[in-house]
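So this one's target_2.cif, mmCIF, C-alpha atoms:
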data_final
#
loop_
_atom_site.label_atom_id
_atom_site.label_comp_id
_atom_site.auth_asym_id
_atom_site.auth_seq_id
_atom_site.Cartn_x
_atom_site.Cartn_y
_atom_site.Cartn_z
CA MET A 1 -26.31 59.80 -49.58
CA SER A 2 -27.48 56.47 -48.20
CA LEU A 3 -30.90 55.06 -49.07
CA LEU A 4 -32.18 56.00 -45.61
CA GLN A 5 -30.96 59.58 -46.03
CA GLN A 6 -32.67 59.75 -49.41
CA VAL A 7 -35.92 58.50 -47.91
CA ILE A 8 -35.66 61.11 -45.11
CA THR A 9 -34.96 63.88 -47.65
CA ILE A 10 -38.00 62.96 -49.73
CA ALA A 11 -40.18 62.57 -46.62
CA ILE A 12 -39.22 66.03 -45.31
CA ALA A 13 -40.02 67.58 -48.69
CA ALA A 14 -43.35 65.73 -48.87
CA VAL A 15 -44.47 66.71 -45.35
CA THR A 16 -43.33 70.34 -45.68
CA ASN A 17 -45.02 70.70 -49.05
CA PHE A 18 -48.26 69.27 -47.65
CA ILE A 19 -48.11 71.64 -44.66
CA THR A 20 -47.88 74.70 -46.94
CA ARG A 21 -51.12 73.59 -48.60
CA TRP A 22 -53.01 72.43 -45.55
CA SER A 23 -52.05 75.03 -42.91
CA PRO A 24 -54.54 77.78 -43.91
CA PHE A 25 -57.40 75.38 -43.26
CA ALA A 26 -55.77 74.24 -40.03
CA ILE A 27 -55.14 77.80 -38.83
CA PHE A 28 -58.33 79.54 -39.90
CA THR A 29 -61.02 76.91 -39.63
CA SER A 30 -60.25 74.69 -36.65
CA SER A 31 -60.36 75.15 -32.86
CA LYS A 32 -63.10 77.05 -31.07
CA LYS A 33 -63.50 79.61 -33.83
CA GLU A 34 -64.95 76.85 -35.97
CA GLN A 35 -68.51 78.06 -35.83
CA GLU A 36 -67.64 81.70 -36.25
CA GLU A 37 -67.17 83.49 -39.51
CA LEU A 38 -63.69 83.94 -40.88
CA SER A 39 -62.22 87.28 -39.97
CA PRO A 40 -63.16 89.88 -42.60
CA PHE A 41 -59.51 90.56 -43.33
CA ILE A 42 -58.70 86.92 -44.14
CA LYS A 43 -61.91 86.54 -46.12
CA GLY A 44 -61.16 89.71 -48.07
CA LEU A 45 -57.61 88.55 -48.67
CA GLY A 46 -58.99 85.30 -50.05
CA ASP A 47 -61.07 87.28 -52.53
CA PHE A 48 -58.30 89.71 -53.43
CA LEU A 49 -55.44 87.27 -54.04
CA PRO A 50 -56.63 84.85 -56.75
CA ALA A 51 -56.73 87.40 -59.59
CA ALA A 52 -53.27 88.62 -58.61
CA ILE A 53 -51.98 85.06 -58.35
CA MET A 54 -53.24 84.25 -61.85
CA GLY A 55 -51.36 87.27 -63.17
CA MET A 56 -48.35 86.16 -61.15
CA LEU A 57 -48.44 82.66 -62.63
CA VAL A 58 -48.50 84.04 -66.17
CA VAL A 59 -45.34 86.02 -65.41
CA TYR A 60 -43.94 82.89 -63.73
CA CYS A 61 -44.35 80.96 -67.01
CA TYR A 62 -42.27 83.61 -68.75
CA ARG A 63 -39.52 83.71 -66.11
CA ASN A 64 -36.96 81.88 -68.25
CA VAL A 65 -37.39 84.18 -71.24
CA ASN A 66 -34.27 86.22 -71.97
CA LEU A 67 -35.21 89.55 -73.51
CA LEU A 68 -31.63 90.51 -74.26
CA ALA A 69 -30.33 87.41 -76.01
CA GLY A 70 -31.26 84.61 -78.42
CA ASN A 71 -34.70 85.13 -79.94
CA HIS A 72 -35.61 87.68 -77.21
CA GLY A 73 -38.56 85.52 -76.17
CA LEU A 74 -40.38 86.40 -79.39
CA PRO A 75 -41.95 82.93 -79.88
CA ASP A 76 -43.20 82.97 -76.28
CA PHE A 77 -44.75 86.42 -76.58
CA LEU A 78 -46.17 85.89 -80.08
CA ALA A 79 -47.79 82.60 -79.08
CA GLY A 80 -49.13 84.29 -75.93
CA ILE A 81 -50.67 87.09 -78.01
CA ILE A 82 -52.14 84.55 -80.47
CA THR A 83 -53.68 82.68 -77.53
CA VAL A 84 -55.27 85.90 -76.22
CA VAL A 85 -56.58 86.97 -79.65
CA VAL A 86 -58.09 83.55 -80.40
CA HIS A 87 -59.66 83.49 -76.97
CA LEU A 88 -61.16 86.98 -77.37
CA TRP A 89 -62.46 85.92 -80.77
CA ARG A 90 -64.14 82.58 -79.99
CA ARG A 91 -63.90 82.40 -76.20
CA SER A 92 -63.45 78.66 -76.32
CA MET A 93 -60.76 77.50 -73.91
CA PHE A 94 -59.96 74.33 -75.79
CA LEU A 95 -59.54 76.11 -79.12
CA SER A 96 -57.37 78.84 -77.57
CA LEU A 97 -55.08 76.27 -75.96
CA ILE A 98 -54.68 74.24 -79.15
CA VAL A 99 -54.07 77.21 -81.45
CA GLY A 100 -51.72 78.85 -78.92
CA THR A 101 -49.67 75.71 -78.32
CA VAL A 102 -49.50 74.65 -81.97
CA SER A 103 -48.40 78.14 -83.00
CA TYR A 104 -45.68 78.02 -80.34
CA ILE A 105 -44.47 74.64 -81.60
CA ILE A 106 -44.36 75.97 -85.17
CA LEU A 107 -42.63 79.19 -84.12
CA ILE A 108 -39.93 77.55 -82.03
CA ASN A 109 -39.19 74.68 -84.42
CA TYR A 110 -39.50 76.29 -87.85
CA VAL A 111 -39.38 80.08 -87.53
CA PHE A 112 -36.88 80.96 -84.82
CA MET B 1 -79.54 62.91 -64.43
CA LYS B 2 -79.34 59.16 -64.66
CA ASN B 3 -75.91 58.46 -63.25
CA LYS B 4 -74.74 61.37 -61.17
CA HIS B 5 -71.36 59.91 -60.31
CA TRP B 6 -70.50 59.28 -63.91
CA GLU B 7 -71.62 62.77 -64.97
CA ASN B 8 -69.54 64.47 -62.28
CA PHE B 9 -66.54 62.40 -63.31
CA ARG B 10 -67.03 63.18 -67.00
CA PHE B 11 -67.28 66.88 -66.29
CA ALA B 12 -64.02 66.71 -64.29
CA LEU B 13 -62.36 64.75 -67.08
CA THR B 14 -63.22 67.40 -69.68
CA THR B 15 -62.28 70.32 -67.42
CA SER B 16 -58.94 68.78 -66.47
CA SER B 17 -57.95 67.80 -70.03
CA PRO B 18 -55.56 70.76 -70.56
CA VAL B 19 -53.80 69.73 -67.35
CA PHE B 20 -53.54 66.19 -68.71
CA PHE B 21 -51.39 67.35 -71.62
CA GLY B 22 -49.46 69.81 -69.49
CA TYR B 23 -48.71 67.41 -66.66
CA VAL B 24 -47.87 64.40 -68.77
CA ILE B 25 -45.43 66.49 -70.81
CA LEU B 26 -43.91 68.23 -67.77
CA GLY B 27 -43.88 64.94 -65.85
CA LEU B 28 -42.07 63.29 -68.76
CA GLY B 29 -39.49 66.04 -68.65
CA TYR B 30 -39.10 65.61 -64.91
CA GLY B 31 -38.77 61.82 -65.18
CA LEU B 32 -36.15 62.17 -67.93
CA TYR B 33 -34.33 64.75 -65.85
CA MET B 34 -34.01 62.34 -62.93
CA HIS B 35 -33.03 59.57 -65.28
CA ASN B 36 -30.17 61.76 -66.50
CA LEU B 37 -29.09 62.34 -62.90
CA GLY B 38 -28.73 58.56 -62.62
CA PHE B 39 -31.86 57.61 -60.67
CA SER B 40 -34.06 54.60 -61.38
CA PHE B 41 -37.65 55.26 -62.47
CA TRP B 42 -38.81 54.51 -58.91
CA TYR B 43 -37.46 57.86 -57.73
CA PRO B 44 -39.41 60.24 -59.99
CA THR B 45 -42.52 58.07 -59.62
CA LEU B 46 -42.47 57.90 -55.83
CA MET B 47 -41.43 61.53 -55.45
CA ALA B 48 -44.27 62.59 -57.76
CA ALA B 49 -46.66 60.49 -55.67
CA THR B 50 -45.51 61.71 -52.25
CA ILE B 51 -44.24 65.29 -52.70
CA TYR B 52 -46.54 66.16 -55.62
CA GLY B 53 -45.15 69.57 -56.46
CA GLY B 54 -43.33 70.09 -59.75
CA SER B 55 -40.77 72.73 -58.86
CA VAL B 56 -40.05 71.19 -55.44
CA GLU B 57 -39.39 67.80 -57.03
CA PHE B 58 -36.88 69.21 -59.52
CA ILE B 59 -34.95 70.84 -56.69
CA ILE B 60 -35.07 67.79 -54.41
CA ALA B 61 -33.76 65.69 -57.31
CA THR B 62 -30.57 67.77 -57.42
CA LEU B 63 -30.33 67.81 -53.60
CA LEU B 64 -30.40 64.00 -53.62
CA THR B 65 -27.10 64.04 -55.50
CA GLN B 66 -25.47 66.21 -52.82
CA HIS B 67 -24.63 65.78 -49.14
CA PHE B 68 -27.44 64.99 -46.72
CA ASN B 69 -28.81 68.24 -45.31
CA PRO B 70 -32.34 67.91 -43.87
CA LEU B 71 -32.62 71.54 -42.72
CA ASN B 72 -31.77 72.77 -46.20
CA VAL B 73 -34.47 70.48 -47.65
CA LEU B 74 -37.03 71.86 -45.22
CA LEU B 75 -36.18 75.52 -45.92
CA ILE B 76 -36.09 75.18 -49.70
CA THR B 77 -39.39 73.29 -49.78
CA ALA B 78 -41.00 75.89 -47.52
CA VAL B 79 -39.77 78.78 -49.69
CA VAL B 80 -40.76 77.19 -52.98
CA GLY B 81 -44.10 75.97 -51.61
CA PHE B 82 -44.84 79.26 -49.85
CA ARG B 83 -47.31 80.42 -52.50
CA GLN B 84 -49.50 77.39 -51.85
CA PHE B 85 -50.29 78.80 -48.42
CA PHE B 86 -52.10 81.62 -50.21
CA TYR B 87 -53.94 79.22 -52.48
CA GLY B 88 -55.24 77.67 -49.27
CA ILE B 89 -56.39 81.06 -47.97
CA SER B 90 -58.20 81.73 -51.26
CA MET B 91 -59.86 78.32 -51.14
CA LEU B 92 -61.17 78.73 -47.58
CA THR B 93 -64.56 79.75 -48.94
CA LYS B 94 -64.42 77.48 -52.00
CA TYR B 95 -63.66 74.13 -50.36
CA PRO B 96 -65.86 72.51 -47.72
CA ARG B 97 -64.49 72.73 -44.20
CA HIS B 98 -65.86 69.39 -43.16
CA ASP B 99 -65.75 66.80 -45.84
CA TRP B 100 -63.93 63.51 -46.04
CA ARG B 101 -62.32 64.62 -49.31
CA LYS B 102 -60.69 67.64 -47.68
CA PHE B 103 -57.38 65.82 -47.32
CA LEU B 104 -57.30 65.05 -51.05
CA LEU B 105 -58.35 68.57 -52.03
CA LEU B 106 -55.61 70.16 -49.92
CA PHE B 107 -52.91 67.59 -50.68
CA GLY B 108 -53.46 68.18 -54.39
CA LEU B 109 -53.59 71.99 -54.32
CA THR B 110 -51.03 72.63 -57.08
CA ASP B 111 -50.87 75.80 -59.22
CA GLU B 112 -52.97 74.28 -62.00
CA THR B 113 -55.50 72.58 -59.73
CA PHE B 114 -55.90 75.79 -57.74
CA VAL B 115 -56.56 77.90 -60.82
CA ILE B 116 -59.07 75.43 -62.25
CA ASN B 117 -60.89 74.64 -59.03
CA TYR B 118 -61.02 78.28 -57.96
CA SER B 119 -62.70 79.44 -61.17
CA LEU B 120 -64.79 76.28 -61.56
CA LYS B 121 -68.45 76.77 -62.37
CA VAL B 122 -70.63 73.68 -62.57
CA PRO B 123 -74.02 73.49 -64.31
CA ALA B 124 -77.11 72.69 -62.26
CA GLY B 125 -77.32 69.05 -61.22
CA TYR B 126 -73.58 68.63 -60.72
CA ASP B 127 -71.96 68.52 -57.31
CA LYS B 128 -69.17 71.09 -57.16
CA THR B 129 -67.14 69.46 -54.40
CA THR B 130 -67.31 66.10 -56.13
CA VAL B 131 -66.15 67.62 -59.42
CA GLN B 132 -63.34 69.47 -57.62
CA ALA B 133 -62.27 66.26 -55.90
CA TRP B 134 -62.23 64.37 -59.21
CA ILE B 135 -60.23 67.14 -60.89
CA THR B 136 -57.73 67.06 -58.01
CA LEU B 137 -57.38 63.29 -58.22
CA LEU B 138 -57.11 63.25 -62.02
CA ASP B 139 -54.45 66.00 -62.05
CA TYR B 140 -52.50 63.97 -59.49
CA LEU B 141 -52.67 60.82 -61.59
CA TYR B 142 -51.60 62.72 -64.74
CA TRP B 143 -48.52 64.01 -62.95
CA VAL B 144 -47.52 60.64 -61.46
CA LEU B 145 -48.11 58.97 -64.84
CA GLY B 146 -45.92 61.52 -66.60
CA ALA B 147 -43.11 61.18 -64.05
CA PHE B 148 -43.26 57.38 -64.30
CA LEU B 149 -43.22 57.42 -68.10
CA GLY B 150 -40.32 59.87 -68.20
CA GLY B 151 -38.24 57.80 -65.80
CA PHE B 152 -39.22 54.46 -67.30
CA LEU B 153 -38.79 55.24 -70.95
CA GLY B 154 -35.71 57.27 -70.09
CA SER B 155 -33.22 57.37 -72.85
CA THR B 156 -35.18 54.98 -75.08
CA LEU B 157 -37.77 57.71 -75.63
CA ASN B 158 -36.63 59.77 -78.54
CA LEU B 159 -39.98 61.19 -79.48
CA GLN B 160 -39.84 64.74 -78.28
CA ILE B 161 -42.02 67.57 -79.47
CA LYS B 162 -40.17 70.72 -78.60
CA GLY B 163 -42.50 73.41 -77.32
CA LEU B 164 -45.48 71.24 -76.32
CA ASP B 165 -45.06 72.37 -72.74
CA PHE B 166 -46.38 75.79 -73.80
CA VAL B 167 -49.84 74.33 -73.14
CA MET B 168 -49.32 75.20 -69.47
CA THR B 169 -48.50 78.83 -70.27
CA ALA B 170 -51.51 79.01 -72.60
CA LEU B 171 -53.73 77.61 -69.84
CA PHE B 172 -52.62 80.26 -67.36
CA VAL B 173 -52.95 83.00 -69.99
CA VAL B 174 -56.53 81.97 -70.82
CA LEU B 175 -57.58 81.64 -67.19
CA ALA B 176 -56.03 85.00 -66.27
CA LEU B 177 -57.79 86.56 -69.28
CA GLU B 178 -61.14 85.06 -68.24
CA GLN B 179 -60.62 86.40 -64.74
CA PHE B 180 -59.74 89.83 -66.16
CA MET B 181 -62.87 89.99 -68.33
CA GLN B 182 -65.18 89.01 -65.48
CA GLU B 183 -63.88 91.17 -62.65
CA LYS B 184 -65.26 94.59 -61.74
CA SER B 185 -62.00 96.04 -60.50
CA HIS B 186 -58.69 95.22 -62.19
CA ILE B 187 -56.53 96.32 -59.28
CA SER B 188 -55.72 92.79 -58.12
CA SER B 189 -54.97 91.36 -61.61
CA LEU B 190 -52.80 94.31 -62.57
CA SER B 191 -50.97 94.30 -59.22
CA GLY B 192 -50.23 90.61 -59.72
CA VAL B 193 -48.62 91.18 -63.11
CA VAL B 194 -46.76 94.39 -62.27
CA ILE B 195 -45.48 93.39 -58.83
CA THR B 196 -44.33 89.99 -60.12
CA ILE B 197 -42.35 91.55 -62.97
CA VAL B 198 -40.72 94.06 -60.63
CA CYS B 199 -39.89 91.33 -58.09
CA LEU B 200 -38.49 89.05 -60.81
CA LEU B 201 -36.14 91.83 -61.91
CA LEU B 202 -35.19 92.75 -58.33
CA PHE B 203 -34.93 89.37 -56.59
CA GLY B 204 -34.31 86.84 -59.34
CA LYS B 205 -35.95 83.52 -60.15
CA THR B 206 -35.55 81.86 -56.75
CA TYR B 207 -37.23 84.37 -54.45
CA PHE B 208 -39.51 86.50 -56.60
CA LEU B 209 -42.69 84.55 -55.84
CA VAL B 210 -42.22 84.86 -52.08
CA ALA B 211 -41.50 88.59 -52.40
CA THR B 212 -44.51 89.09 -54.68
CA LEU B 213 -46.90 87.35 -52.29
CA LEU B 214 -45.66 89.33 -49.27
CA LEU B 215 -46.07 92.59 -51.21
CA LEU B 216 -49.56 91.58 -52.34
CA VAL B 217 -50.61 90.88 -48.76
CA GLY B 218 -49.11 94.24 -47.78
CA GLU B 219 -51.03 95.94 -50.55
CA TYR B 220 -54.28 94.30 -49.50
CA TYR B 221 -53.64 95.29 -45.88
CA PHE B 222 -53.20 98.90 -47.03
CA LEU B 223 -56.42 98.80 -49.09
CA TYR B 224 -58.29 97.13 -46.24
CA ARG B 225 -57.22 99.77 -43.72
CA ARG B 226 -58.06 102.59 -46.09
CA HIS B 227 -61.48 101.07 -46.73
CA GLN B 228 -62.04 100.70 -42.98
CA LYS B 229 -61.09 104.31 -42.33
CA ALA B 230 -63.42 105.48 -45.07
CA GLY B 231 -66.25 103.59 -43.42
CA GLU B 232 -65.72 105.09 -39.97
#
Is it possible to express this structure as structure tokens?
Amino acid sequence: MSLLQQVITIAIAAVTNFITRWSPFAIFTSSKKEQEELSPFIKGLGDFLPAAIMGMLVVYCYRNVNLLAGNHGLPDFLAGIITVVVHLWRRSMFLSLIVGTVSYIILINYVF
Amino acid sequence: MKNKHWENFRFALTTSSPVFFGYVILGLGYGLYMHNLGFSFWYPTLMAATIYGGSVEFIIATLLTQHFNPLNVLLITAVVGFRQFFYGISMLTKYPRHDWRKFLLLFGLTDETFVINYSLKVPAGYDKTTVQAWITLLDYLYWVLGAFLGGFLGSTLNLQIKGLDFVMTALFVVLALEQFMQEKSHISSLSGVVITIVCLLLFGKTYFLVATLLLLVGEYYFLYRRHQKAGE
């Protein structure tokens, strides 16, 4: 690939990626409907999706875990459970993140 | 409050600190990855600054080593970035529609920034949009910094803490848990987890997010119609 082709490749990716983020605002808030309320369906969808997306992203983080081979993802699941337990106990985000991550580092380097 | 700007910034700095660790570590990994593909540090740095989307950048890095195929680049970026369209829909009521920082807020709508800015609660006296804008900008800088460091230090960097990237997983786990404890109905949270697992098993790592999001919209459409009928 020439330098120009590389620049074009990166530019296409950058513009497309931006469009995926910006288009909802462009579609649902511009033009003559600007002053009107969002349609109840879109508004409801906006309220419904976030919780599902957060669940989805948790699963996404675990997508590379192989249940059938290696350590069966045990360090990932154990550290996840530890994070949840610590968070339910103290409900301090910072503490949960530190304990969860440190326990993962210990598990993956020294236990499994 | 004596210095409002400073306070808003400090609040954003604290709130975005988990992303700092996550992005610098992931960015380092990404920079090193491109270094290993044979690219100078300019590539990961500039790609981080212009594309600003972790998974897209990893894929584009490998595409750069292959034959020039612009249509392929467009399709892959659209598929991988598809979920961000739904972040935008969810942020329609959370971000201002007319504000000069709108471009920044939407340009920087990554997974992590979305999750943090969506669930953001600011104490009285703070300006929410300003804090959100600072968080967006800070997250962006963390990512570009990480990508630069990874590419620049390249092979000379031998200090690697295996497993530190779990901070990102822990962040999502905690935020999902917080969401779960605060919501009245768990139908959305549970659907998200269950449908994603099913789609991962059925469609594999490349397409499961797209499939999940389409099914979630379908599910909401079904619930919406049922609710409408009940109200008639």
- Task: Calculate how many Å separate CA of Asn117 in chain B from CA of Asn17 in chain A, rounding to one decimal.
- Result: 19.2 Å
Step by step, gather every atom of range 97-101 of chain A that the file lists, find the box along x, y and z that holds them, add 5 Å on each side, and finally give centre and edge lengths in Å to one decimal, as AutoDock Vina command-line options.
--center_x -52.4 --center_y 76.5 --center_z -78.7 --size_x 15.4 --size_y 14.6 --size_z 15.5
- Task: Please measure the separation of CA of Met47 in chain B and CA of Ile135 in chain B, giving the value in Å to one decimal.
- Result: 20.4 Å
- Which residues match the PyMOL selection byres ((chain A) within 7 of (chain B)) in the file above, as a PyMOL selection string? chain A and resi 1+5-6+9-10+12-14+16-18+20-25+45-59+61+63+80+83-84+93+97+100-101+104-105+108
- Task: Would you list the residues near (-33.3, 62.7, -61.0) (no more than 9 Å away, in the coordinates of the file, using all atoms listed in the file) as a PyMOL selection string?
- Result: chain B and resi 30-41+43-44+57-58+60-62+64-65+151
- Item | Distance of CA of Ile27 in chain A from CA of Pro40 in chain A, expressed in Å to one decimal place |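 A separation of 15.0 Å between them.
Among the candidates B:Leu153, B:Ala133, B:Leu26, B:Leu104, the residue lying nearest to Ala12 in chain B is B:Ala133 (atoms considered: all atoms listed in the file).
Minimum atom-to-atom distances from A:Phe112, A:Pro75, A:Phe28, A:Phe94 to Phe41 in chain A were compared using only C-alpha atoms, and the lowest value belongs to A:Phe28.
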